[in-house]
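Containing TSV, C-alpha atoms and all ligand atoms: input18.tsv.
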```
chain	number	residue	atom	x	y	z
L	1	MET	CA	2.41	14.72	10.74
L	2	ILE	CA	3.91	12.96	7.74
L	3	LEU	CA	7.21	11.08	7.95
L	4	TYR	CA	9.30	10.93	4.76
L	5	ARG	CA	12.43	9.03	3.90
L	6	THR	CA	14.82	11.10	1.79
L	7	ILE	CA	18.32	10.63	0.42
L	8	ASP	CA	19.50	12.65	3.46
L	9	GLY	CA	17.57	10.57	6.03
L	10	LEU	CA	14.17	10.72	7.71
L	11	VAL	CA	12.25	13.99	8.03
L	12	VAL	CA	8.85	14.89	9.43
L	13	GLU	CA	6.81	17.55	7.69
L	14	HIS	CA	4.71	19.89	9.75
L	15	GLN	CA	2.99	23.07	8.55
L	16	GLY	CA	5.03	23.13	5.35
L	17	ARG	CA	8.42	22.69	7.00
L	18	ALA	CA	10.64	19.62	7.16
L	19	TYR	CA	12.36	18.61	10.39
L	20	GLU	CA	15.25	16.15	10.49
L	21	VAL	CA	14.80	12.94	12.45
L	22	GLU	CA	18.16	11.44	13.34
L	23	GLU	CA	17.00	7.84	13.46
L	24	LEU	CA	16.33	5.06	11.00
L	25	LEU	CA	12.80	3.72	10.55
L	26	ASP	CA	14.06	0.41	11.99
L	27	THR	CA	14.90	1.99	15.36
L	28	LEU	CA	12.09	4.55	15.33
L	29	ILE	CA	9.46	1.85	14.89
L	30	VAL	CA	10.58	0.06	18.06
L	31	ARG	CA	10.09	3.15	20.30
L	32	ALA	CA	7.21	3.00	22.77
L	33	ASP	CA	7.17	6.84	22.69
L	34	LEU	CA	7.23	7.00	18.88
L	35	HIS	CA	4.59	9.70	18.34
L	36	ALA	CA	5.74	11.85	21.28
L	37	PHE	CA	9.31	11.54	20.01
L	38	LEU	CA	8.29	12.80	16.57
L	39	ASP	CA	6.38	15.71	18.16
L	40	GLN	CA	9.56	16.56	20.01
L	41	GLN	CA	11.53	16.67	16.74
L	42	ILE	CA	9.17	19.36	15.50
L	43	ARG	CA	9.02	21.38	18.68
L	44	GLY	CA	12.72	21.37	19.49
L	45	GLY	CA	14.18	20.43	16.13
L	46	TYR	CA	15.97	22.11	13.30
L	47	SER	CA	14.16	22.78	10.03
L	48	SER	CA	16.10	23.43	6.88
L	49	GLY	CA	12.90	24.69	5.20
L	50	PRO	CA	10.22	23.08	3.04
L	51	LEU	CA	10.46	19.42	2.10
L	52	ASP	CA	12.48	18.81	-1.06
L	53	ARG	CA	10.23	16.29	-2.86
L	54	SER	CA	12.93	15.49	-5.43
L	55	LYS	CA	14.83	13.70	-2.63
L	56	LEU	CA	12.06	11.28	-1.62
L	57	LEU	CA	12.68	7.53	-1.32
L	58	ALA	CA	10.27	4.70	-0.57
L	59	PRO	CA	9.36	5.15	3.13
L	60	ILE	CA	10.64	1.75	4.23
L	61	GLY	CA	13.54	0.27	6.21
L	62	SER	CA	13.85	-3.46	6.88
L	63	GLN	CA	10.11	-4.11	7.09
L	64	GLU	CA	8.46	-6.94	5.17
L	65	VAL	CA	5.42	-5.96	3.11
L	66	TRP	CA	2.30	-8.13	3.40
L	67	ALA	CA	-1.10	-7.71	1.82
L	68	ALA	CA	-4.70	-8.62	2.52
L	69	GLY	CA	-7.10	-9.60	-0.25
L	70	VAL	CA	-10.83	-9.64	-0.91
L	71	THR	CA	-11.58	-7.13	1.83
L	72	TYR	CA	-14.01	-5.14	-0.34
L	73	LEU	CA	-17.12	-6.40	-2.15
L	74	ARG	CA	-15.72	-5.00	-5.41
L	75	SER	CA	-12.61	-7.14	-5.11
L	76	ARG	CA	-14.67	-10.26	-4.36
L	77	ALA	CA	-16.76	-9.70	-7.51
L	78	ALA	CA	-13.70	-9.10	-9.70
L	79	ARG	CA	-11.83	-12.20	-8.44
L	80	MET	CA	-14.89	-14.42	-8.81
L	81	ALA	CA	-15.36	-13.27	-12.41
L	82	GLU	CA	-11.71	-13.61	-13.43
L	83	SER	CA	-11.32	-17.13	-12.00
L	84	LYS	CA	-14.78	-18.48	-12.88
L	85	ASP	CA	-13.62	-20.57	-15.87
L	86	ALA	CA	-10.80	-22.06	-13.80
L	87	GLY	CA	-13.21	-23.01	-11.01
L	88	GLY	CA	-11.60	-20.59	-8.56
L	89	GLY	CA	-14.58	-18.28	-8.06
L	90	ASP	CA	-15.86	-20.13	-5.03
L	91	PHE	CA	-12.61	-19.62	-3.13
L	92	TYR	CA	-12.90	-15.86	-3.34
L	93	ASP	CA	-16.56	-15.92	-2.35
L	94	ARG	CA	-15.75	-18.04	0.70
L	95	VAL	CA	-12.79	-15.97	1.87
L	96	TYR	CA	-14.86	-12.77	1.81
L	97	THR	CA	-17.11	-14.10	4.58
L	98	ALA	CA	-14.70	-16.52	6.30
L	99	GLU	CA	-13.40	-15.74	9.77
L	100	ARG	CA	-9.78	-15.99	8.56
L	101	PRO	CA	-8.80	-13.27	6.06
L	102	GLU	CA	-6.66	-13.73	2.99
L	103	LEU	CA	-3.12	-12.56	3.77
L	104	PHE	CA	-0.17	-12.96	1.43
L	105	PHE	CA	3.46	-11.96	1.31
L	106	LYS	CA	3.95	-9.05	-1.10
L	107	SER	CA	7.48	-7.68	-1.05
L	108	LEU	CA	10.87	-7.35	0.53
L	109	PRO	CA	12.02	-3.76	1.17
L	110	HIS	CA	14.66	-3.68	-1.57
L	111	LYS	CA	11.97	-4.42	-4.18
L	112	VAL	CA	9.62	-1.62	-3.13
L	113	VAL	CA	9.25	1.34	-5.50
L	114	GLY	CA	8.97	4.82	-3.97
L	115	PRO	CA	7.29	8.02	-5.16
L	116	GLY	CA	8.13	8.77	-8.79
L	117	GLY	CA	9.70	5.33	-9.32
L	118	ALA	CA	8.49	3.13	-12.17
L	119	VAL	CA	6.20	0.23	-11.31
L	120	GLY	CA	6.53	-2.83	-13.53
L	121	LEU	CA	4.45	-5.15	-15.68
L	122	ARG	CA	5.11	-8.87	-15.94
L	123	SER	CA	6.42	-9.76	-19.39
L	124	ASP	CA	4.25	-12.91	-19.47
L	125	ALA	CA	1.01	-11.19	-18.42
L	126	ILE	CA	-1.60	-9.72	-20.74
L	127	TRP	CA	-3.91	-8.20	-18.10
L	128	SER	CA	-2.22	-5.97	-15.54
L	129	VAL	CA	-3.78	-3.54	-13.07
L	130	PRO	CA	-2.74	-1.32	-10.19
L	131	GLU	CA	-4.46	-1.92	-6.85
L	132	PRO	CA	-4.74	1.28	-4.80
L	133	GLU	CA	-4.68	0.33	-1.13
L	134	LEU	CA	-4.36	1.84	2.31
L	135	ALA	CA	-1.09	0.52	3.78
L	136	LEU	CA	-0.61	0.21	7.53
L	137	LEU	CA	2.71	0.62	9.31
L	138	ILE	CA	2.61	-1.74	12.28
L	139	ASN	CA	5.19	-1.82	15.07
L	140	PRO	CA	6.75	-5.02	16.46
L	141	ARG	CA	4.07	-5.10	19.19
L	142	GLY	CA	1.30	-5.29	16.60
L	143	GLN	CA	0.12	-1.69	17.00
L	144	ILE	CA	-0.81	0.41	13.98
L	145	VAL	CA	1.46	3.47	14.21
L	146	GLY	CA	1.05	4.99	10.76
L	147	TYR	CA	-0.62	4.91	7.35
L	148	THR	CA	0.69	5.24	3.84
L	149	ILE	CA	-0.42	4.58	0.27
L	150	GLY	CA	0.26	1.24	-1.38
L	151	ASN	CA	-0.02	-0.07	-4.92
L	152	ASP	CA	-0.43	-3.85	-5.08
L	153	MET	CA	0.36	-4.25	-8.80
L	154	SER	CA	-1.27	-7.44	-10.07
L	155	SER	CA	-1.42	-9.65	-13.16
L	156	ARG	CA	-5.09	-10.56	-13.33
L	157	ASP	CA	-4.85	-13.13	-16.11
L	158	ILE	CA	-2.28	-15.16	-14.16
L	159	GLU	CA	-4.21	-14.86	-10.89
L	160	GLY	CA	-7.40	-15.87	-12.72
L	161	GLN	CA	-5.90	-18.98	-14.33
L	162	ASN	CA	-5.47	-20.65	-10.95
L	163	PRO	CA	-5.55	-19.27	-7.38
L	164	LEU	CA	-2.31	-21.17	-6.76
L	165	TYR	CA	-0.60	-18.77	-9.18
L	166	LEU	CA	-1.30	-15.84	-6.85
L	167	PRO	CA	2.35	-15.36	-5.75
L	168	GLN	CA	3.43	-15.07	-9.41
L	169	ALA	CA	0.62	-12.61	-10.15
L	170	LYS	CA	1.56	-10.48	-7.15
L	171	VAL	CA	5.32	-10.73	-6.60
L	172	TYR	CA	7.62	-9.72	-9.42
L	173	ASN	CA	10.02	-6.87	-10.20
L	174	ARG	CA	8.66	-3.47	-9.11
L	175	SER	CA	5.21	-4.87	-8.27
L	176	CYS	CA	4.85	-2.91	-5.03
L	177	ALA	CA	4.89	0.85	-4.54
L	178	LEU	CA	4.67	2.72	-1.23
L	179	GLY	CA	4.64	6.39	-0.32
L	180	PRO	CA	5.06	9.25	-0.64
L	181	GLY	CA	5.24	9.49	3.18
L	182	ILE	CA	3.70	7.90	6.27
L	183	LEU	CA	0.98	9.64	8.24
L	184	MET	CA	2.23	8.96	11.77
L	185	THR	CA	-0.66	8.82	14.20
L	186	PRO	CA	-1.99	6.45	16.86
L	187	GLN	CA	-5.55	7.55	15.94
L	188	PRO	CA	-7.68	5.44	13.58
L	189	LEU	CA	-8.46	7.03	10.22
L	190	PRO	CA	-12.06	8.20	9.74
L	191	LYS	CA	-14.25	5.68	7.88
L	192	THR	CA	-15.06	8.49	5.43
L	193	THR	CA	-11.42	8.57	4.26
L	194	ARG	CA	-11.43	8.52	0.44
L	195	ILE	CA	-9.09	6.43	-1.68
L	196	ALA	CA	-8.90	7.53	-5.31
L	197	ILE	CA	-6.98	6.46	-8.39
L	198	GLU	CA	-6.39	8.02	-11.77
L	199	ILE	CA	-4.51	6.36	-14.60
L	200	GLU	CA	-3.20	8.66	-17.28
L	201	ARG	CA	-2.43	7.52	-20.81
L	202	ALA	CA	-1.29	9.89	-23.57
L	203	GLU	CA	-2.36	12.88	-21.49
L	204	GLN	CA	-5.92	11.53	-21.11
L	205	VAL	CA	-7.56	9.91	-18.09
L	206	ALA	CA	-7.75	6.23	-19.08
L	207	PHE	CA	-9.40	5.17	-15.81
L	208	ALA	CA	-10.48	6.87	-12.60
L	209	GLY	CA	-12.21	5.46	-9.57
L	210	GLU	CA	-12.69	5.95	-5.89
L	211	THR	CA	-13.85	4.25	-2.73
L	212	SER	CA	-13.74	4.91	1.00
L	213	LEU	CA	-12.65	3.01	4.08
L	214	ALA	CA	-16.33	2.59	4.96
L	215	GLN	CA	-16.52	0.00	2.14
L	216	MET	CA	-13.95	-2.27	3.79
L	217	LYS	CA	-15.42	-5.49	5.17
L	218	ARG	CA	-13.03	-6.17	8.03
L	219	PRO	CA	-11.67	-4.03	10.86
L	220	LEU	CA	-7.99	-3.19	10.31
L	221	GLU	CA	-7.13	-4.59	13.75
L	222	GLU	CA	-8.52	-7.97	12.72
L	223	LEU	CA	-6.17	-8.11	9.71
L	224	VAL	CA	-3.24	-7.15	11.94
L	225	ALA	CA	-4.15	-9.74	14.59
L	226	TYR	CA	-4.15	-12.55	12.00
L	227	LEU	CA	-0.87	-11.35	10.49
L	228	TYR	CA	0.86	-11.24	13.88
L	229	ARG	CA	-0.50	-14.60	14.99
L	230	ASP	CA	2.55	-16.85	15.42
L	231	GLN	CA	4.80	-14.44	13.51
L	232	GLN	CA	7.35	-11.95	14.78
L	233	PHE	CA	8.32	-8.76	13.00
L	234	PRO	CA	11.35	-7.28	14.81
L	235	PHE	CA	11.25	-4.16	12.62
L	236	GLY	CA	7.45	-4.09	12.33
L	237	CYS	CA	5.89	-4.46	8.90
L	238	PHE	CA	3.66	-2.88	6.27
L	239	LEU	CA	0.26	-4.37	5.48
L	240	LEU	CA	-1.65	-3.40	2.33
L	241	THR	CA	-5.32	-3.72	3.22
L	242	GLY	CA	-6.90	-4.72	-0.10
L	243	THR	CA	-8.40	-2.90	-3.03
L	244	GLY	CA	-11.91	-1.57	-3.42
L	245	ILE	CA	-11.31	-0.13	-6.89
L	246	VAL	CA	-11.02	-2.41	-9.92
L	247	PRO	CA	-10.89	-1.06	-13.50
L	248	PRO	CA	-13.28	-2.64	-16.05
L	249	ASP	CA	-12.21	-6.00	-17.47
L	250	SER	CA	-11.33	-4.35	-20.78
L	251	PHE	CA	-8.60	-2.31	-19.10
L	252	THR	CA	-4.95	-3.32	-18.86
L	253	LEU	CA	-2.01	-1.11	-17.92
L	254	GLU	CA	0.51	-0.19	-20.59
L	255	LYS	CA	4.07	1.03	-20.46
L	256	GLY	CA	4.01	4.83	-20.47
L	257	ASP	CA	0.90	5.08	-18.27
L	258	THR	CA	1.06	7.07	-15.03
L	259	VAL	CA	-0.70	5.83	-11.91
L	260	ARG	CA	-1.82	8.40	-9.31
L	261	ILE	CA	-3.24	7.15	-6.03
L	262	GLY	CA	-4.49	9.59	-3.44
L	263	ILE	CA	-5.65	8.91	0.10
L	264	GLU	CA	-7.18	11.73	2.08
L	265	GLY	CA	-4.91	12.94	4.87
L	266	ILE	CA	-1.89	11.03	3.55
L	267	GLY	CA	-0.99	12.38	0.10
L	268	LEU	CA	-0.60	11.37	-3.51
L	269	LEU	CA	1.57	8.51	-4.77
L	270	VAL	CA	2.57	8.96	-8.42
L	271	ASN	CA	4.33	6.23	-10.40
L	272	PRO	CA	4.98	5.83	-14.10
L	273	VAL	CA	4.54	2.33	-15.55
L	274	ASN	CA	7.52	0.83	-17.32
V	301	LIG	O1	-7.13	-12.78	-3.83
V	301	LIG	C1	-6.41	-12.21	-4.56
V	301	LIG	C2	-5.83	-10.89	-4.30
V	301	LIG	C3	-6.80	-9.90	-3.80
V	301	LIG	C4	-6.22	-8.56	-3.58
V	301	LIG	O2	-5.05	-8.30	-3.75
V	301	LIG	C5	-7.11	-7.47	-3.17
V	301	LIG	O3	-8.30	-7.69	-2.92
V	301	LIG	O4	-6.62	-6.36	-3.03
V	302	MG	MG	-4.58	-6.14	-3.53
```

Could you rewrite the structure in this file as structure tokens?
Amino acid sequence: MILYRTIDGLVVEHQGRAYEVEELLDTLIVRADLHAFLDQQIRGGYSSGPLDRSKLLAPIGSQEVWAAGVTYLRSRAARMAESKDAGGGDFYDRVYTAERPELFFKSLPHKVVGPGGAVGLRSDAIWSVPEPELALLINPRGQIVGYTIGNDMSSRDIEGQNPLYLPQAKVYNRSCALGPGILMTPQPLPKTTRIAIEIERAEQVAFAGETSLAQMKRPLEELVAYLYRDQQFPFGCFLLTGTGIVPPDSFTLEKGDTVRIGIEGIGLLVNPVN
């Protein structure tokens, strides 16, 4: 079942119908019986009909958003190439095989863009890309309770100049998108799950690519365990799990582009670039 946040509150969608959930994500996420509770909303709840997609908001409450990096071979290769001249390539090579993963802070909730919202480009960057990523919703006890789609917008020229510039390349206005809804399940996603991206420019496909979860180097639980080591998340948190799709070096996003990211079983996140 998919959980959406709308201007009228939370709803779960099941078999084409939306059911109200009279809780906030911040209280829902704490429940030990979270998935059974959502089942109950469908079985005994009131449905006003199909989901009204024009009412969707970013599916987030008070959760912090974190991100993992260099979890796919494709990302390792791209980072090594972009930072080679600055001497940073070795860092990315080492983190790919190191025991400790790369984890970085990505966004506060109020800065997250939802479905249909415009993602942004840094005004001082000349090489900007979207990063289509599986995003985990993790409860305060460190359990993965749901999955959504994330876009870790990045300024590759700034990141490539010096690894210490990573926070500036990753955290700026409208640099993180989540949605459209959260697949709420305690079950792991199949390794065959496909992640795909299409970037549209002037009604043409400017870039398209895809990968699958089978290409990810680390188990999701390992990323979560490192994130929760010596850190508390009273409202849980979101964790973007890294990108396995990188456009060619000649590609940079432009204002007016549209980014479409699809993950099997979750949905399609569509954001214009502005
Ligand atoms: O190491 C820099 C960022 C990597 C990243 O965001 C990714 O691999 O998705
Ligand atoms: Mg990323």

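Each of L:Pro59, L:Pro186, L:Pro140, L:Gly87 was compared to Ala36 in chain L using only C-alpha atoms, and L:Pro186 turns out to be the nearest.
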
Fill in: CA of Glu82 in chain L to CA of Pro101 in chain L, straight-line distance in Å
19.7 Å

Worksheet item: Within 10 Å of Pro188 in chain L, counting all atoms listed in the file, which residues qualify if same-chain residues fewer than 4 places away don't, as an NGL selection string?
Response: :L and (144-147 or 220)

Worksheet item: Can you tell me, as a PyMOL selection string, what residues are no more than 9 Å from Val95 in chain L when counting only C-alpha atoms, ignoring any on the same chain fewer than 4 positions away?
Response: chain L and resi 69-71+76+90-91+99-102

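With CA of Pro247 in chain L on one side and CA of Phe207 in chain L on the other, the separation reads 6.8 Å.
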
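CA of Arg229 in chain L to CA of Ile138 in chain L spans 13.5 Å [interatomic distance, one decimal].
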
Listing only residues of range 216-257 of chain L within 9 Å of range 192-202 of chain L, what is the closest atom pair and its distance in Å (to one decimal) for each, using all atoms listed in the file, sorted by chain and residue number ascending, as JSON lines?
```
{"residue": "L:Gly244", "atom": "CA", "partner": "L:Ile195", "partner_atom": "CA", "distance": 8.7}
{"residue": "L:Ile245", "atom": "CA", "partner": "L:Ile197", "partner_atom": "CA", "distance": 8.0}
{"residue": "L:Leu253", "atom": "CA", "partner": "L:Ile199", "partner_atom": "CA", "distance": 8.5}
{"residue": "L:Glu254", "atom": "CA", "partner": "L:Arg201", "partner_atom": "CA", "distance": 8.3}
{"residue": "L:Gly256", "atom": "CA", "partner": "L:Arg201", "partner_atom": "CA", "distance": 7.0}
{"residue": "L:Asp257", "atom": "CA", "partner": "L:Arg201", "partner_atom": "CA", "distance": 4.8}
```

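Considering only C-alpha atoms, the residue among L:Arg5, L:Arg74, L:His35, L:Arg79 positioned nearest to Leu51 in chain L is L:Arg5.
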
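All residues that come within 8 Å of the coordinates (-6.6, 7.6, 1.7), counting all atoms listed in the file, are given as Leu134, Thr148, Ile149, Thr193, Arg194, Ile195, Ala196, Ser212, Leu213, Gly262, Ile263, Glu264, Gly265, Ile266 and Gly267 of chain L.
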
Just-selected residues, C-alpha atoms written as an mmCIF file, in the coordinates of the input:
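Printed below is part-v8.cif as written:
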```cif
data_model
loop_
_atom_site.group_PDB
_atom_site.id
_atom_site.type_symbol
_atom_site.label_atom_id
_atom_site.label_comp_id
_atom_site.auth_asym_id
_atom_site.auth_seq_id
_atom_site.Cartn_x
_atom_site.Cartn_y
_atom_site.Cartn_z
ATOM 1 C CA LEU L 134 -4.360 1.840 2.310
ATOM 2 C CA THR L 148 0.690 5.240 3.840
ATOM 3 C CA ILE L 149 -0.420 4.580 0.270
ATOM 4 C CA THR L 193 -11.420 8.570 4.260
ATOM 5 C CA ARG L 194 -11.430 8.520 0.440
ATOM 6 C CA ILE L 195 -9.090 6.430 -1.680
ATOM 7 C CA ALA L 196 -8.900 7.530 -5.310
ATOM 8 C CA SER L 212 -13.740 4.910 1.000
ATOM 9 C CA LEU L 213 -12.650 3.010 4.080
ATOM 10 C CA GLY L 262 -4.490 9.590 -3.440
ATOM 11 C CA ILE L 263 -5.650 8.910 0.100
ATOM 12 C CA GLU L 264 -7.180 11.730 2.080
ATOM 13 C CA GLY L 265 -4.910 12.940 4.870
ATOM 14 C CA ILE L 266 -1.890 11.030 3.550
ATOM 15 C CA GLY L 267 -0.990 12.380 0.100
#
```
